[in-house]
Amino acid sequence: MRTLIACLASALLSVCVAACSSAPPLRVTTIQLGRAVNEDHTVASFTTTFSPDDSVYLSVLTTGVGSGTISVRWKYGSAVINEPKRDVNYRIDAVTDFKLQSGGGGFPTGDYSAEVFLNGQSAGTRTFSVGNPR
């Protein structure tokens with residue numbers, strides 16, 4: 001009887017380990033840009049054109065299981081203007097949001113980009129522009 005219980009316990013442990021290791025790893029599925037975020041941290045309305053006084057929101061949607069570092073390299077032309085990072089540990093699909101806010105005088109007009117990284121590996125780039133308000 002003890003042998004049967006030990007075998008069953010061992011089999012159950014093997015199944016649990018196999019199930020845990022078969023979960024897909026954490027990966028970026030979508031990168032969103034906009035002027036505001038929803039309660040779930042996704043972008044409220046997508047845009048790639050901003051006014052100098054706007055805040056720029058970027059949401060990184062991920063799937064899979066794992067921990068890591070999500071970062072964004074915000075650039076104006078070729079100059080890096082900000083590079084925030086977030087350490088994450090997710091067990092379900094999740095959203096990580098970032099905000100780029102101008103200093104007191106607003107963003108200079110021109111072309112910008114936001115490159116997203118997961119654990120130092122590029123996951124995609126979004127370009128956007130800042131122009132004078134209409």
# chains A, B, ... in the order shown; residues from 1 in each chain; ligands from 1

call {"tool": "select_by_dssp", "arguments": {"residues": "region 17-134 of chain A", "states": "strand (DSSP E)", "output": "NGL selection string"}}
result
:A and (27-34 or 49-50 or 56-63 or 66-76 or 79-82 or 85-90 or 94-100 or 110-118 or 121-130)

call {"tool": "residues_around", "arguments": {"residues": "region 59-68 of chain A", "least_positions_apart": "2", "cutoff": "6 Å", "atoms": "only C-alpha atoms", "output": "list in words"}}
result
Pro24, Pro25, Leu26, Arg27, Val28, Thr29, Thr30, Ile31, Gln32, Thr42, Asp87, Val88, Asn89, Tyr90, Arg91, Asp93, Ala94, Val95, Thr96, Asp97 and Asn119 of chain A

call {"tool": "write_last_selection", "arguments": {"atoms": "N, CA and C atoms", "output": "compact mmCIF listing (two decimals), in the first residue's frame"}}
result
# COMPACT_ATOMS: atom_id res chain seq x y z
N PRO A 24 3.68 28.78 -21.79
CA PRO A 24 4.49 29.61 -22.69
C PRO A 24 5.21 30.71 -21.92
N PRO A 25 6.42 31.05 -22.35
CA PRO A 25 7.17 32.10 -21.66
C PRO A 25 6.57 33.49 -21.90
N LEU A 26 6.91 34.42 -21.06
CA LEU A 26 6.45 35.80 -21.18
C LEU A 26 6.91 36.38 -22.50
N ARG A 27 5.98 37.02 -23.23
CA ARG A 27 6.34 37.68 -24.49
C ARG A 27 5.40 38.85 -24.74
N VAL A 28 5.89 39.82 -25.49
CA VAL A 28 5.11 41.01 -25.86
C VAL A 28 4.25 40.66 -27.06
N THR A 29 2.96 41.00 -26.98
CA THR A 29 2.04 40.74 -28.09
C THR A 29 1.61 42.00 -28.82
N THR A 30 1.49 43.12 -28.09
CA THR A 30 0.99 44.36 -28.69
C THR A 30 1.62 45.57 -28.00
N ILE A 31 1.88 46.61 -28.79
CA ILE A 31 2.36 47.89 -28.26
C ILE A 31 1.37 48.95 -28.73
N GLN A 32 0.81 49.71 -27.78
CA GLN A 32 -0.21 50.71 -28.09
C GLN A 32 0.29 52.11 -27.71
N THR A 42 -4.75 49.61 -20.70
CA THR A 42 -4.64 49.66 -22.15
C THR A 42 -4.88 51.10 -22.60
N ASP A 87 10.07 46.09 -13.57
CA ASP A 87 10.23 44.67 -13.30
C ASP A 87 8.84 44.08 -13.14
N VAL A 88 8.56 43.00 -13.86
CA VAL A 88 7.23 42.39 -13.84
C VAL A 88 7.34 40.90 -13.51
N ASN A 89 6.24 40.36 -13.00
CA ASN A 89 6.12 38.93 -12.74
C ASN A 89 4.67 38.56 -12.97
N TYR A 90 4.39 37.98 -14.15
CA TYR A 90 3.01 37.73 -14.55
C TYR A 90 2.73 36.24 -14.69
N ARG A 91 1.52 35.87 -14.32
CA ARG A 91 1.03 34.49 -14.47
C ARG A 91 -0.11 34.41 -15.49
N ASP A 93 -2.18 36.94 -18.92
CA ASP A 93 -2.01 38.06 -19.85
C ASP A 93 -2.09 39.35 -19.04
N ALA A 94 -1.23 40.31 -19.37
CA ALA A 94 -1.14 41.53 -18.56
C ALA A 94 -0.80 42.73 -19.43
N VAL A 95 -0.95 43.91 -18.83
CA VAL A 95 -0.63 45.17 -19.50
C VAL A 95 0.27 45.99 -18.58
N THR A 96 1.34 46.52 -19.15
CA THR A 96 2.26 47.40 -18.42
C THR A 96 2.25 48.73 -19.17
N ASP A 97 1.95 49.83 -18.45
CA ASP A 97 1.88 51.11 -19.15
C ASP A 97 3.01 52.04 -18.73
N ASN A 119 13.46 42.09 -21.30
CA ASN A 119 14.74 41.51 -20.88
C ASN A 119 15.89 41.89 -21.81

call {"tool": "closest_residue", "arguments": {"among": "A:Gly77, A:Pro84, A:Gly34, A:Gly106", "to": "Gly131 (chain A)", "atoms": "only C-alpha atoms"}}
result
A:Gly106

call {"tool": "residues_around", "arguments": {"residues": "Gly120 (chain A)", "least_positions_apart": "6", "cutoff": "9 Å", "atoms": "only C-alpha atoms", "output": "PyMOL selection string"}}
result
chain A and resi 69-71

call {"tool": "write_last_selection", "arguments": {"atoms": "C-alpha atoms", "output": "PDB file, in the first residue's frame"}}
result
ATOM      1  CA  THR A  69      12.080  43.642 -17.211  1.00  0.00           C
ATOM      2  CA  ILE A  70      10.014  45.664 -19.660  1.00  0.00           C
ATOM      3  CA  SER A  71      11.603  48.933 -20.734  1.00  0.00           C
TER       4      SER A  71
END

call {"tool": "select_by_dssp", "arguments": {"residues": "chain A", "states": "helix (DSSP H, G or I)", "output": "list in words"}}
result
Arg2, Thr3, Leu4, Ile5, Ala6, Cys7, Leu8, Ala9, Ser10, Ala11, Leu12, Leu13, Ser14, Val15, Cys16, Val17, Ala18, Ala19, Cys20 and Ser21 of chain A

call {"tool": "write_last_selection", "arguments": {"atoms": "N, CA and C atoms", "output": "CSV table (one decimal), in the first residue's frame"}}
result
chain,number,residue,atom,x,y,z
A,2,ARG,N,1.9,1.2,0.8
A,2,ARG,CA,2.8,2.4,0.9
A,2,ARG,C,3.5,2.6,-0.5
A,3,THR,N,3.8,1.5,-1.1
A,3,THR,CA,4.5,1.6,-2.4
A,3,THR,C,3.5,2.2,-3.4
A,4,LEU,N,2.3,1.9,-3.4
A,4,LEU,CA,1.3,2.4,-4.3
A,4,LEU,C,1.1,3.9,-4.1
A,5,ILE,N,1.0,4.3,-2.8
A,5,ILE,CA,0.9,5.7,-2.5
A,5,ILE,C,2.1,6.5,-2.9
A,6,ALA,N,3.3,6.0,-2.7
A,6,ALA,CA,4.5,6.6,-3.2
A,6,ALA,C,4.6,6.8,-4.7
A,7,CYS,N,4.1,5.7,-5.4
A,7,CYS,CA,4.1,5.8,-6.9
A,7,CYS,C,3.1,6.8,-7.3
A,8,LEU,N,1.9,6.9,-6.7
A,8,LEU,CA,0.9,7.9,-7.1
A,8,LEU,C,1.4,9.3,-6.8
A,9,ALA,N,2.0,9.5,-5.7
A,9,ALA,CA,2.6,10.8,-5.3
A,9,ALA,C,3.6,11.2,-6.3
A,10,SER,N,4.5,10.3,-6.7
A,10,SER,CA,5.6,10.6,-7.6
A,10,SER,C,5.0,10.9,-9.0
A,11,ALA,N,3.9,10.2,-9.4
A,11,ALA,CA,3.3,10.5,-10.7
A,11,ALA,C,2.6,11.8,-10.7
A,12,LEU,N,2.0,12.2,-9.6
A,12,LEU,CA,1.3,13.5,-9.5
A,12,LEU,C,2.3,14.6,-9.5
A,13,LEU,N,3.4,14.4,-8.9
A,13,LEU,CA,4.5,15.5,-8.9
A,13,LEU,C,5.0,15.6,-10.3
A,14,SER,N,5.2,14.5,-11.0
A,14,SER,CA,5.7,14.6,-12.4
A,14,SER,C,4.8,15.4,-13.3
A,15,VAL,N,3.5,15.1,-13.1
A,15,VAL,CA,2.5,15.8,-13.9
A,15,VAL,C,2.5,17.3,-13.6
A,16,CYS,N,2.6,17.7,-12.4
A,16,CYS,CA,2.6,19.1,-12.0
A,16,CYS,C,3.8,19.8,-12.5
A,17,VAL,N,5.0,19.2,-12.5
A,17,VAL,CA,6.2,19.8,-13.0
A,17,VAL,C,6.1,19.9,-14.5
A,18,ALA,N,5.6,18.9,-15.2
A,18,ALA,CA,5.4,19.0,-16.6
A,18,ALA,C,4.4,20.1,-17.0
A,19,ALA,N,3.3,20.3,-16.3
A,19,ALA,CA,2.4,21.3,-16.5
A,19,ALA,C,2.9,22.7,-16.3
A,20,CYS,N,3.7,22.9,-15.3
A,20,CYS,CA,4.3,24.2,-15.0
A,20,CYS,C,5.3,24.5,-16.1
A,21,SER,N,6.1,23.6,-16.5
A,21,SER,CA,7.2,23.9,-17.5
A,21,SER,C,6.6,24.0,-18.9

call {"tool": "residues_around", "arguments": {"residues": "Gly104 (chain A)", "least_positions_apart": "6", "cutoff": "12 Å", "atoms": "only C-alpha atoms", "output": "ChimeraX atom specification"}}
result
/A:52-55

call {"tool": "write_last_selection", "arguments": {"atoms": "N, CA and C atoms", "output": "compact mmCIF listing (two decimals), in the first residue's frame"}}
result
# COMPACT_ATOMS: atom_id res chain seq x y z
N PRO A 52 2.17 69.47 -28.52
CA PRO A 52 3.30 69.65 -27.60
C PRO A 52 2.94 69.49 -26.12
N ASP A 53 1.69 69.81 -25.74
CA ASP A 53 1.30 69.73 -24.33
C ASP A 53 0.68 68.39 -23.94
N ASP A 54 0.52 67.47 -24.89
CA ASP A 54 -0.05 66.15 -24.59
C ASP A 54 0.93 65.30 -23.77
N SER A 55 0.38 64.37 -23.02
CA SER A 55 1.17 63.28 -22.45
C SER A 55 1.04 62.12 -23.42

call {"tool": "closest_residue", "arguments": {"among": "A:Ile92, A:Ile81, A:Val56, A:Ala23", "to": "Arg35 (chain A)", "atoms": "only C-alpha atoms"}}
result
A:Val56

call {"tool": "closest_residue", "arguments": {"among": "A:Ala114, A:Val37, A:Val80, A:Val72", "to": "Ser129 (chain A)", "atoms": "only C-alpha atoms"}}
result
A:Ala114

call {"tool": "atom_distance", "arguments": {"atom1": "CA of Thr109 (chain A)", "atom2": "CA of Phe128 (chain A)"}}
result
10.7 Å

call {"tool": "residues_around", "arguments": {"residues": "Thr127 (chain A)", "least_positions_apart": "3", "cutoff": "8 Å", "atoms": "only C-alpha atoms", "output": "PDB file with N, CA and C atoms, in the first residue's frame"}}
result
ATOM      1  N   THR A  48      -0.984  58.437 -33.239  1.00  0.00           N
ATOM      2  CA  THR A  48       0.452  58.607 -33.422  1.00  0.00           C
ATOM      3  C   THR A  48       0.797  60.077 -33.650  1.00  0.00           C
ATOM      4  N   ASP A 111       9.669  64.309 -35.004  1.00  0.00           N
ATOM      5  CA  ASP A 111       9.440  62.871 -35.019  1.00  0.00           C
ATOM      6  C   ASP A 111      10.063  62.201 -33.798  1.00  0.00           C
ATOM      7  N   TYR A 112       9.317  61.260 -33.222  1.00  0.00           N
ATOM      8  CA  TYR A 112       9.713  60.539 -32.013  1.00  0.00           C
ATOM      9  C   TYR A 112       9.571  59.041 -32.256  1.00  0.00           C
ATOM     10  N   SER A 113      10.196  58.261 -31.386  1.00  0.00           N
ATOM     11  CA  SER A 113       9.989  56.814 -31.423  1.00  0.00           C
ATOM     12  C   SER A 113      10.038  56.264 -30.004  1.00  0.00           C
ATOM     13  N   ALA A 114       9.408  55.104 -29.856  1.00  0.00           N
ATOM     14  CA  ALA A 114       9.412  54.391 -28.579  1.00  0.00           C
ATOM     15  C   ALA A 114       9.727  52.930 -28.888  1.00  0.00           C
TER      16      ALA A 114
END

call {"tool": "closest_residue", "arguments": {"among": "A:Phe98, A:Pro108, A:Ser45, A:Arg73", "to": "Ala123 (chain A)", "atoms": "only C-alpha atoms"}}
result
A:Arg73

call {"tool": "atom_distance", "arguments": {"atom1": "CA of Val116 (chain A)", "atom2": "CA of Pro133 (chain A)"}}
result
27.3 Å

call {"tool": "atom_distance", "arguments": {"atom1": "CA of Ser102 (chain A)", "atom2": "CA of Ser78 (chain A)"}}
result
17.2 Å
